[in-house]
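See below for run12.txt, which holds compact mmCIF, C-alpha atoms and all ligand atoms.
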# COMPACT_ATOMS: atom_id res chain seq x y z
CA MET A 276 -8.03 -5.83 4.69
CA TYR A 277 -4.68 -5.31 2.96
CA THR A 278 -3.27 -4.55 6.38
CA THR A 279 -5.20 -7.02 8.47
CA ASP A 280 -3.07 -9.48 10.31
CA LEU A 281 -3.69 -12.64 8.33
CA SER A 282 -0.88 -14.65 9.86
CA GLY A 283 -3.18 -17.63 10.32
CA LYS A 284 -0.65 -20.46 10.26
CA ASP A 285 2.04 -18.82 12.37
CA LYS A 286 -0.29 -18.67 15.36
CA LYS A 287 0.73 -22.18 16.39
CA GLN A 288 4.26 -21.06 17.07
CA PRO A 289 4.25 -18.05 19.35
CA ALA A 290 6.36 -15.16 18.08
CA PRO A 291 9.85 -15.17 19.56
CA GLN A 292 9.97 -12.94 22.59
CA THR A 293 12.76 -10.40 22.54
CA VAL A 294 13.65 -8.67 25.77
CA GLU A 295 14.05 -5.01 24.92
CA ASP A 296 16.14 -2.42 26.75
CA PRO A 297 13.53 -0.65 28.93
CA ALA A 298 15.05 2.81 28.43
CA LEU A 299 15.15 2.49 24.66
CA LEU A 300 11.64 1.05 24.64
CA ALA A 301 10.29 3.91 26.77
CA ALA A 302 11.92 6.50 24.51
CA PHE A 303 10.46 4.78 21.47
CA GLU A 304 6.96 4.59 22.97
CA ALA A 305 7.15 8.28 23.85
CA ARG A 306 8.18 9.27 20.32
CA VAL A 307 5.38 7.26 18.77
CA ALA A 308 2.80 8.56 21.26
CA ASN A 309 3.94 12.04 20.27
CA ASP A 310 3.13 11.24 16.61
CA GLU A 311 6.77 11.35 15.56
CA PHE A 312 7.85 9.26 12.58
CA ILE A 313 10.23 6.34 12.99
CA GLU A 314 12.84 6.08 10.23
CA PRO A 315 14.80 3.02 9.03
CA LYS A 316 17.97 3.59 11.06
CA ASP A 317 16.14 4.52 14.28
CA TRP A 318 16.00 2.06 17.14
CA MET A 319 12.73 0.10 17.22
CA PRO A 320 11.43 -2.88 19.20
CA GLU A 321 11.73 -6.21 17.38
CA ALA A 322 7.97 -6.75 17.61
CA TYR A 323 7.37 -3.42 15.87
CA ARG A 324 9.78 -4.36 13.10
CA ARG A 325 8.23 -7.81 12.73
CA THR A 326 4.67 -6.52 12.66
CA LEU A 327 5.57 -3.92 10.06
CA VAL A 328 7.43 -6.34 7.82
CA ARG A 329 4.41 -8.65 7.90
CA GLN A 330 1.87 -5.87 7.37
CA ILE A 331 3.76 -4.00 4.63
CA SER A 332 4.73 -7.15 2.72
CA GLN A 333 1.16 -8.45 2.96
CA HIS A 334 -0.03 -5.11 1.64
CA ALA A 335 2.51 -5.29 -1.21
CA HIS A 336 1.47 -8.84 -2.10
CA SER A 337 -2.16 -7.71 -2.17
CA GLU A 338 -1.34 -5.02 -4.71
CA ILE A 339 0.56 -7.45 -6.91
CA VAL A 340 -1.97 -10.30 -6.73
CA GLY A 341 -4.68 -7.64 -7.15
CA MET A 342 -3.44 -7.08 -10.70
CA LEU A 343 -4.62 -10.57 -11.69
CA PRO A 344 -8.43 -10.42 -11.42
CA GLU A 345 -8.51 -7.18 -13.43
CA GLY A 346 -5.62 -8.00 -15.72
CA ASN A 347 -7.55 -10.88 -17.19
CA TRP A 348 -10.19 -8.43 -18.50
CA ILE A 349 -7.83 -6.03 -20.30
CA THR A 350 -8.10 -7.79 -23.64
CA ARG A 351 -11.88 -8.01 -23.30
CA ALA A 352 -12.60 -4.40 -22.32
CA PRO A 353 -15.57 -3.21 -24.40
CA SER A 354 -13.95 -0.06 -25.80
CA LEU A 355 -10.55 1.48 -26.35
CA ARG A 356 -11.34 4.05 -23.64
CA ARG A 357 -12.12 1.36 -21.07
CA LYS A 358 -9.08 -0.64 -22.12
CA ALA A 359 -6.71 2.31 -21.68
CA ILE A 360 -8.24 3.07 -18.28
CA LEU A 361 -8.00 -0.52 -17.05
CA LEU A 362 -4.45 -0.85 -18.29
CA ALA A 363 -3.46 2.32 -16.41
CA LYS A 364 -5.19 1.13 -13.27
CA VAL A 365 -3.54 -2.28 -13.29
CA GLN A 366 -0.18 -0.61 -13.92
CA ASP A 367 -0.78 1.61 -10.88
CA GLU A 368 -1.41 -1.45 -8.71
CA GLY A 369 1.94 -2.85 -9.84
CA GLY A 370 3.48 0.47 -8.83
CA HIS A 371 1.80 0.28 -5.42
CA GLY A 372 3.30 -3.15 -4.89
CA LEU A 373 6.75 -1.80 -5.76
CA TYR A 374 6.51 1.23 -3.41
CA LEU A 375 5.49 -1.13 -0.62
CA TYR A 376 8.14 -3.78 -1.24
CA SER A 377 10.74 -1.00 -1.11
CA ALA A 378 9.31 0.27 2.18
CA ALA A 379 9.43 -3.26 3.66
CA GLU A 380 13.03 -3.68 2.48
CA THR A 381 14.10 -0.72 4.64
CA LEU A 382 13.26 -2.95 7.64
CA GLY A 383 15.83 -5.57 6.70
CA THR A 384 13.91 -8.07 4.60
CA SER A 385 14.71 -8.57 0.91
CA ARG A 386 12.60 -8.56 -2.24
CA GLU A 387 13.75 -12.10 -2.89
CA GLN A 388 12.57 -13.30 0.53
CA MET A 389 9.18 -11.65 0.16
CA ILE A 390 8.55 -13.01 -3.31
CA GLU A 391 9.66 -16.45 -2.22
CA ALA A 392 7.23 -16.28 0.73
CA LEU A 393 4.38 -15.28 -1.57
CA HIS A 394 5.04 -17.96 -4.17
CA SER A 395 5.53 -20.74 -1.65
CA GLY A 396 2.17 -19.90 -0.05
CA LYS A 397 3.74 -18.83 3.25
CA ALA A 398 2.74 -15.18 2.89
CA LYS A 399 -0.84 -13.95 2.95
CA TYR A 400 -2.57 -11.36 0.82
CA SER A 401 -6.01 -9.82 0.90
CA THR A 402 -8.80 -12.40 0.77
CA ILE A 403 -10.68 -10.34 -1.81
CA PHE A 404 -8.44 -11.37 -4.69
CA ASN A 405 -9.34 -15.02 -4.35
CA TYR A 406 -12.80 -14.37 -5.77
CA PRO A 407 -13.28 -14.71 -9.54
CA THR A 408 -14.13 -11.87 -11.95
CA LEU A 409 -16.94 -13.44 -13.93
CA THR A 410 -18.30 -10.56 -16.00
CA TRP A 411 -17.26 -7.10 -17.18
CA ALA A 412 -19.49 -5.64 -14.44
CA ASP A 413 -17.07 -7.13 -11.89
CA ILE A 414 -14.42 -4.70 -13.11
CA GLY A 415 -16.76 -1.87 -12.14
CA ALA A 416 -17.54 -3.45 -8.77
CA ILE A 417 -13.84 -3.94 -8.00
CA GLY A 418 -12.93 -0.33 -8.72
CA TRP A 419 -15.90 1.02 -6.81
CA LEU A 420 -15.99 -1.36 -3.82
CA VAL A 421 -12.56 -2.98 -3.52
CA ASP A 422 -10.58 0.17 -4.24
CA GLY A 423 -13.15 2.09 -2.19
CA ALA A 424 -12.44 -0.17 0.79
CA ALA A 425 -8.71 0.11 0.13
CA ILE A 426 -8.93 3.90 0.22
CA MET A 427 -10.83 3.79 3.51
CA ASN A 428 -8.01 1.74 4.94
CA GLN A 429 -5.09 3.54 3.35
CA VAL A 430 -6.02 7.16 4.02
CA PRO A 431 -5.34 6.92 7.78
CA LEU A 432 -2.12 5.00 7.05
CA GLN A 433 -0.64 8.15 5.54
CA ARG A 434 -0.06 9.03 9.20
CA THR A 435 1.25 5.63 10.22
CA SER A 436 4.30 5.85 12.46
CA TYR A 437 6.85 4.25 10.12
CA GLY A 438 8.12 6.94 7.75
CA PRO A 439 8.75 4.88 4.59
CA TYR A 440 5.33 3.20 4.92
CA ALA A 441 3.57 6.53 5.46
CA ARG A 442 5.31 8.06 2.43
CA ALA A 443 4.38 5.09 0.26
CA MET A 444 0.77 5.51 1.40
CA VAL A 445 0.76 9.20 0.43
CA ARG A 446 1.78 8.23 -3.08
CA VAL A 447 -0.73 5.37 -3.23
CA CYS A 448 -3.63 7.48 -1.98
CA LYS A 449 -3.01 10.10 -4.67
CA GLU A 450 -3.52 7.38 -7.26
CA GLU A 451 -6.42 5.44 -5.73
CA SER A 452 -9.13 7.99 -6.24
CA PHE A 453 -9.13 7.49 -10.00
CA HIS A 454 -9.42 3.74 -9.46
CA GLN A 455 -12.59 4.10 -7.47
CA ARG A 456 -14.14 6.71 -9.73
CA GLN A 457 -13.56 4.77 -12.92
CA GLY A 458 -15.17 1.71 -11.32
CA TYR A 459 -18.20 3.66 -10.20
CA GLU A 460 -18.50 5.33 -13.60
CA LEU A 461 -18.33 1.93 -15.29
CA THR A 462 -21.07 0.62 -12.98
CA MET A 463 -23.09 3.77 -13.62
CA ALA A 464 -22.83 3.22 -17.38
CA LEU A 465 -24.15 -0.33 -16.99
CA CYS A 466 -27.03 0.89 -14.83
CA ALA A 467 -27.97 3.40 -17.51
CA GLY A 468 -27.81 0.71 -20.22
CA SER A 469 -30.05 -2.20 -21.19
CA LYS A 470 -31.97 -4.31 -18.67
CA GLU A 471 -29.40 -7.01 -19.09
CA GLN A 472 -26.53 -4.61 -18.36
CA LYS A 473 -28.25 -3.31 -15.25
CA ARG A 474 -28.82 -6.90 -14.12
CA MET A 475 -25.09 -7.54 -14.58
CA ALA A 476 -24.23 -4.55 -12.40
CA GLN A 477 -26.59 -5.74 -9.66
CA ASP A 478 -25.21 -9.26 -9.88
CA ALA A 479 -21.67 -7.94 -9.48
CA LEU A 480 -22.68 -5.88 -6.43
CA ASN A 481 -24.39 -8.95 -4.96
CA ARG A 482 -21.22 -11.01 -5.27
CA TRP A 483 -18.67 -8.34 -4.23
CA TRP A 484 -20.49 -6.63 -1.38
CA TRP A 485 -19.82 -9.10 1.42
CA PRO A 486 -16.25 -9.96 0.40
CA SER A 487 -15.58 -6.19 0.34
CA LEU A 488 -16.80 -5.86 3.94
CA MET A 489 -14.53 -8.77 4.88
CA MET A 490 -11.53 -6.84 3.50
CA PHE A 491 -11.45 -4.85 6.75
CA GLY A 492 -10.60 -8.03 8.62
CA PRO A 493 -12.08 -9.80 11.64
CA PRO A 494 -14.23 -7.89 14.14
CA ASP A 495 -12.31 -5.93 16.77
CA ASP A 496 -12.97 -8.45 19.54
CA LYS A 497 -11.35 -11.12 17.35
CA SER A 498 -8.25 -9.19 16.34
CA PRO A 499 -5.96 -9.42 19.35
CA ASN A 500 -3.09 -7.43 17.83
CA THR A 501 -5.15 -4.35 17.10
CA GLU A 502 -4.53 -2.72 20.46
CA GLN A 503 -0.74 -2.80 20.20
CA SER A 504 -0.84 -1.76 16.54
CA ILE A 505 -3.00 1.23 17.42
CA ARG A 506 -0.70 2.17 20.31
CA TRP A 507 2.31 2.02 18.01
CA ARG A 508 0.41 3.99 15.36
CA ILE A 509 0.89 1.14 12.89
CA LYS A 510 -2.86 1.13 12.50
CA ARG A 511 -4.80 4.31 13.09
CA GLU A 512 -8.36 2.98 13.15
CA THR A 513 -9.83 -0.40 14.05
CA ASN A 514 -11.32 -2.88 11.58
CA ASP A 515 -14.88 -2.26 12.73
CA GLU A 516 -14.53 1.53 12.64
CA LEU A 517 -13.27 1.43 9.06
CA ARG A 518 -15.90 -1.10 7.99
CA GLN A 519 -18.68 1.11 9.38
CA LYS A 520 -17.29 4.14 7.56
CA PHE A 521 -17.21 2.18 4.32
CA VAL A 522 -20.83 1.04 4.67
CA ASP A 523 -21.95 4.57 5.53
CA VAL A 524 -20.45 6.15 2.41
CA THR A 525 -21.12 3.29 -0.02
CA VAL A 526 -24.82 2.61 0.58
CA PRO A 527 -25.94 6.03 -0.74
CA GLN A 528 -23.64 5.55 -3.76
CA ALA A 529 -25.49 2.33 -4.60
CA GLU A 530 -28.85 4.01 -4.15
CA ALA A 531 -27.82 6.89 -6.41
CA ILE A 532 -27.60 4.55 -9.39
CA GLY A 533 -30.55 2.36 -8.51
CA LEU A 534 -28.69 -0.64 -7.14
CA THR A 535 -29.69 -2.59 -4.05
CA VAL A 536 -27.14 -3.59 -1.43
CA PRO A 537 -27.67 -7.32 -0.81
CA ASP A 538 -28.36 -7.09 2.92
CA ALA A 539 -31.90 -7.45 4.30
CA ALA A 540 -30.76 -6.17 7.70
CA LEU A 541 -29.34 -2.94 6.30
CA ARG A 542 -31.06 0.16 7.68
CA TRP A 543 -30.17 3.68 8.76
CA ASN A 544 -29.95 3.99 12.51
CA GLU A 545 -30.92 7.53 13.39
CA ALA A 546 -29.72 7.25 17.00
CA ARG A 547 -26.26 5.97 16.07
CA GLY A 548 -25.97 8.14 12.99
CA HIS A 549 -24.77 5.06 11.09
CA TYR A 550 -26.16 2.22 9.03
CA ASP A 551 -26.84 -1.02 10.87
CA PHE A 552 -25.91 -3.97 8.74
CA GLY A 553 -26.22 -7.75 8.77
CA GLU A 554 -23.91 -10.40 10.14
CA ILE A 555 -20.82 -11.17 8.04
CA ASP A 556 -20.15 -14.82 7.25
CA TRP A 557 -16.87 -15.11 9.13
CA GLU A 558 -16.61 -18.80 8.35
CA GLU A 559 -16.26 -17.87 4.69
CA PHE A 560 -13.64 -15.25 5.56
CA TYR A 561 -11.50 -17.66 7.59
CA ALA A 562 -11.81 -20.30 4.88
CA VAL A 563 -10.45 -17.83 2.32
CA VAL A 564 -7.65 -16.84 4.71
CA ARG A 565 -6.76 -20.53 4.99
CA GLY A 566 -6.33 -20.58 1.20
CA GLU A 567 -9.71 -22.05 0.29
CA GLY A 568 -10.79 -19.08 -1.85
CA GLN A 569 -12.49 -19.99 -5.12
CA VAL A 570 -9.52 -19.09 -7.31
CA ALA A 571 -6.67 -19.07 -4.78
CA LYS A 572 -4.76 -21.82 -6.58
CA GLU A 573 -5.25 -20.19 -9.96
CA ARG A 574 -3.93 -16.86 -8.65
CA MET A 575 -0.72 -18.35 -7.31
CA GLN A 576 -0.23 -20.45 -10.43
CA ALA A 577 -0.53 -17.29 -12.55
CA ARG A 578 1.96 -15.44 -10.31
CA VAL A 579 4.50 -18.25 -10.29
CA LYS A 580 4.17 -18.75 -14.05
CA ALA A 581 4.77 -15.04 -14.71
CA TRP A 582 7.82 -15.16 -12.43
CA GLU A 583 9.25 -18.29 -14.05
CA ASP A 584 8.51 -17.14 -17.59
CA GLY A 585 10.41 -13.93 -16.82
CA ALA A 586 13.47 -15.71 -15.44
CA TRP A 587 15.41 -15.65 -18.71
CA VAL A 588 14.85 -11.89 -19.00
CA ARG A 589 16.21 -11.31 -15.51
CA ASP A 590 19.17 -13.59 -16.19
CA ALA A 591 19.92 -11.86 -19.49
CA ALA A 592 19.76 -8.42 -17.87
CA ALA A 593 22.10 -9.50 -15.10
CA ALA A 594 24.54 -11.05 -17.62
CA HIS A 595 24.42 -7.90 -19.75
CA ALA A 596 25.09 -5.67 -16.74
CA ALA A 597 28.03 -7.87 -15.68
CA LYS A 598 29.49 -7.76 -19.19
CA ARG A 599 29.18 -3.99 -19.40
CA ALA A 600 30.74 -3.55 -15.96
CA ALA A 601 33.66 -5.80 -16.93
CA ALA A 602 34.18 -3.91 -20.19
CA LYS A 603 34.18 -0.62 -18.30
CA ILE A 604 36.83 -1.85 -15.87
CA ALA A 605 38.94 -3.15 -18.77
CA ALA A 606 38.74 0.24 -20.50
CA GLU A 607 39.89 2.17 -17.44
CA MET B 327 17.74 -15.71 -7.85
CA LYS B 328 19.59 -12.81 -6.30
CA ASP B 329 17.97 -9.37 -6.16
CA TRP B 330 19.25 -6.76 -8.57
CA PRO B 331 21.02 -3.89 -6.80
CA LEU B 332 18.90 -1.19 -5.19
CA TRP B 333 18.91 2.37 -6.56
CA GLU B 334 17.59 5.56 -4.98
CA VAL B 335 15.41 7.72 -7.21
CA PHE B 336 15.36 11.51 -7.17
CA ILE B 337 12.93 13.61 -9.22
CA ARG B 338 13.00 17.24 -10.30
CA THR B 339 9.31 18.07 -10.43
CA LYS B 340 9.83 21.14 -12.61
CA GLY B 341 12.54 23.46 -13.81
CA GLY B 342 13.89 25.68 -11.03
CA LEU B 343 13.42 23.09 -8.28
CA SER B 344 16.04 20.69 -6.97
CA HIS B 345 15.80 16.92 -7.28
CA ARG B 346 13.99 15.31 -4.37
CA HIS B 347 14.03 11.75 -3.10
CA ALA B 348 11.02 9.77 -4.36
CA GLY B 349 11.78 6.15 -3.50
CA SER B 350 13.84 3.26 -4.76
CA VAL B 351 13.93 0.61 -7.47
CA HIS B 352 15.84 -2.56 -8.14
CA ALA B 353 17.69 -2.70 -11.47
CA ALA B 354 20.55 -4.60 -13.05
CA ASP B 355 22.30 -1.43 -14.22
CA ALA B 356 22.00 2.35 -14.34
CA LYS B 357 20.12 2.45 -17.62
CA MET B 358 17.51 0.02 -16.37
CA ALA B 359 17.30 1.91 -13.08
CA LEU B 360 16.34 5.05 -15.00
CA GLU B 361 13.71 3.14 -16.96
CA HIS B 362 12.25 1.58 -13.82
CA ALA B 363 12.30 4.94 -12.04
CA ARG B 364 10.37 6.47 -14.91
CA ASP B 365 7.75 3.70 -14.92
CA THR B 366 7.43 3.52 -11.16
CA TYR B 367 7.55 7.16 -10.10
CA THR B 368 6.52 9.37 -13.02
CA ARG B 369 3.28 7.98 -14.42
CA ARG B 370 1.51 11.30 -13.82
CA MET B 371 3.90 13.98 -14.99
CA GLU B 372 5.64 14.04 -11.60
CA GLY B 373 8.93 15.12 -13.10
CA VAL B 374 11.07 16.63 -15.84
CA SER B 375 14.34 15.02 -14.77
CA LEU B 376 15.48 11.91 -12.89
CA TRP B 377 18.55 10.96 -10.91
CA VAL B 378 19.28 7.40 -9.86
CA LEU B 379 22.20 6.32 -7.75
CA PRO B 380 23.21 3.03 -6.15
CA SER B 381 21.77 2.92 -2.62
CA ALA B 382 24.99 1.31 -1.42
CA GLN B 383 26.83 4.54 -2.33
CA ILE B 384 24.87 6.67 0.13
CA VAL B 385 26.71 7.62 3.29
CA SER B 386 24.37 8.70 6.04
CA SER B 387 24.66 9.95 9.58
CA ASP B 388 23.71 7.69 12.45
CA PRO B 389 20.54 8.69 14.36
CA ALA B 390 22.49 8.01 17.57
CA ASP B 391 24.84 10.87 16.61
CA ALA B 392 21.97 13.32 16.11
CA GLY B 393 22.79 15.00 19.44
CA PRO B 394 26.45 15.79 18.89
CA LEU B 395 25.77 16.67 15.24
CA PHE B 396 22.79 18.94 15.50
CA GLU B 397 22.42 20.14 19.07
CA PRO B 398 25.33 22.63 18.91
CA ALA B 399 23.17 24.72 16.57
CA GLU B 400 20.42 25.00 19.18
CA ASP B 401 22.08 27.64 21.39
CA LYS B 402 23.38 29.78 18.54
CA ILE B 403 20.30 31.89 18.25
CA TYR B 404 22.44 34.85 17.17
CA ARG B 405 22.49 33.15 13.78
CA HIS B 406 18.87 34.22 13.30
CA PRO B 407 17.81 37.75 12.32
CA THR B 408 15.22 37.94 15.12
CA PHE B 409 18.05 37.86 17.69
CA TYR B 410 18.79 41.52 16.97
CA SER B 411 16.41 44.25 18.11
CA ILE B 412 16.36 47.27 15.91
CA PRO B 413 14.17 50.30 16.70
CA ASP B 414 10.87 50.42 14.77
CA HIS B 415 11.61 53.74 13.09
CA VAL B 416 14.63 52.28 11.32
CA LYS B 417 13.35 50.85 8.04
CA HIS B 418 14.47 48.36 5.38
CA ILE B 419 16.58 46.26 7.67
FE FE C 701 -3.50 -0.12 -5.00
FE FE C 702 -6.28 0.70 -6.60
Rewrite the coordinates I just gave you, this time as structure tokens.
Ligand SMILES: [Fe+2]
Ligand SMILES: [Fe+2]
Amino acid sequence: MYTTDLSGKDKKQPAPQTVEDPALLAAFEARVANDEFIEPKDWMPEAYRRTLVRQISQHAHSEIVGMLPEGNWITRAPSLRRKAILLAKVQDEGGHGLYLYSAAETLGTSREQMIEALHSGKAKYSTIFNYPTLTWADIGAIGWLVDGAAIMNQVPLQRTSYGPYARAMVRVCKEESFHQRQGYELTMALCAGSKEQKRMAQDALNRWWWPSLMMFGPPDDKSPNTEQSIRWRIKRETNDELRQKFVDVTVPQAEAIGLTVPDAALRWNEARGHYDFGEIDWEEFYAVVRGEGQVAKERMQARVKAWEDGAWVRDAAAAHAAKRAAAKIAAE
Amino acid sequence: MKDWPLWEVFIRTKGGLSHRHAGSVHAADAKMALEHARDTYTRRMEGVSLWVLPSAQIVSSDPADAGPLFEPAEDKIYRHPTFYSIPDHVKHI
């Protein structure tokens, strides 16, 4: 999901191998195994730093790009109440992106580098945001399912081993719960409305269910970096574990409002104490990771346009600050 | 484009408490840093007062010096009240 390793293209060039000082490495491994937090100025292996920069920046990009599918519904929200809620939610996602960019910057990358990587298409972000939001019901489905999946993933990351990342996650998690609840409430309202409204809610669930399950990333046997990330406490639970948890809590939520999860193979497995569910279309997932998502191009165009349209504001602010600083020096 | 300078944000959550580090923001100048800090870190009544200061101005200790800096305090247990045994019948001490 937000934190899945989506470094598809880089796989061709193997990551540079750094030979680490064995004593420092052993001390680091021991600290992490002991659930201690690693802070910016502490020694860390290069691979740990690299993995974190990639994971945190990918997570930040996901928050920022995640503003787009919902942002385009703000002006069309059906009431002032819903508009205020959606505006607050989208603003929160912007905040999440900023907390995370700051956390990544403590590892030695810069905001400029990260934004450049996003806009040039080098950096990845969650596949989920390359699906279109076709109706108002999609705004409900996103809050309920997409933020629901995000919460599942982010809660354990509050105990991730890198201090600034963990602290950012604490802040994010405090804010996510409202996101999910407003989405579910919105969906609930549609289900209690006209036949047509209920049909819209079901249609949104049908389209968002499988992409939401894909947010947790490839199955464990296809995510080779999971083991090291778990050992270094960068990840705390595997993709499949989190996905199962999400299915287990979400299916009864759908049933409670009379919606049907679009999976013929879905059934409660008494022996496992979990729901069994159908095969995910991984071909679709990898296609979206490769940049073939339905609205991938549109998303990046919107991002780049916002950035370029804001350039004169940034330039003016910088010029103003320089002028004020010069005047202050002159006055002293 | 070059990044605006980085600022550290500190928030007093309510009167009577000290300011505590919350995170950081980029801003062209101090006034904008305060505005960004407000928008980024106090959307839910998290504070009644903000401090921002340029991150470059912070001087911090090196983790490698943690031993020499902090270990000398470890064997000075006589700095703690529990070091002293006082008979039970003596009260209010
Ligand atoms: Fe978020
Ligand atoms: Fe959210």
Contacts to ligand FE 701 (chain C) at 10 Å cut-off (all atoms listed in the file) as a PyMOL selection string:
chain A and resi 277+334-335+337-339+341-342+364-372+421-422+425-426+429+444+447-448+450-452+454
Counting only C-alpha atoms, I want the residues whose atoms come within 12 Å of (15.3, 16.4, -19.6) in the file frame, returned as a list in words.
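Output of the proximity query reads Ile337, Arg338, Thr339, Lys340, Gly341, Gly373, Val374, Ser375, Leu376 and Trp377 of chain B.
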Save out the residues we just selected, C-alpha atoms, as a CSV table (one decimal), in the coordinates of the input.
chain,number,residue,atom,x,y,z
B,337,ILE,CA,12.9,13.6,-9.2
B,338,ARG,CA,13.0,17.2,-10.3
B,339,THR,CA,9.3,18.1,-10.4
B,340,LYS,CA,9.8,21.1,-12.6
B,341,GLY,CA,12.5,23.5,-13.8
B,373,GLY,CA,8.9,15.1,-13.1
B,374,VAL,CA,11.1,16.6,-15.8
B,375,SER,CA,14.3,15.0,-14.8
B,376,LEU,CA,15.5,11.9,-12.9
B,377,TRP,CA,18.6,11.0,-10.9
Within 10 Å of chain B: residues of chain A, using only C-alpha atoms, as a VMD selection string
chain A and resid 314 to 318 363 366 to 367 369 to 371 373 to 374 376 to 378 380 385 to 388 391 439 442 to 443 446 450 586 589 to 597 599 to 600
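Going from CA of Ile360 in chain A to CA of Gly415 in chain A covers 11.6 Å.
For the choices A:Ala359, A:Leu534, A:Leu409, A:Met427, the atom-to-atom distance to ligand FE 702 (chain C) is smallest for A:Met427 when using only C-alpha atoms and all ligand atoms.
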Nearest-residue call for ligand FE 702 (chain C), choices A:Ile417, A:Ala379, A:Leu432, A:Ile532, using all atoms listed in the file
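Among the listed residues, the smallest separation from ligand FE 702 (chain C) belongs to A:Ile417.
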Using CA of Tyr323 in chain A and CA of Tyr440 in chain A as the two end points, give the distance in Å to one decimal.
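Rounded to one decimal, the two atoms are 13.0 Å apart.
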Gap from CA of Ile505 in chain A to CA of Ala562 in chain A - Å, one decimal
26.4 Å
Give me the residues within 9 Å of Asp515 in chain A as number ranges by chain, counting all atoms listed in the file and dropping any in the same chain fewer than 2 places off.
A: 491-495, 512-513, 517-520
Which neighbours of Thr501 in chain A fall inside 10 Å, counting all atoms listed in the file, when residues of the same chain fewer than 5 positions from it are skipped, and could you give them as a list in words?
Thr279, Asp280, Asp495, Asp496, Arg506, Trp507, Ile509, Lys510, Arg511, Glu512, Thr513 and Asn514 of chain A
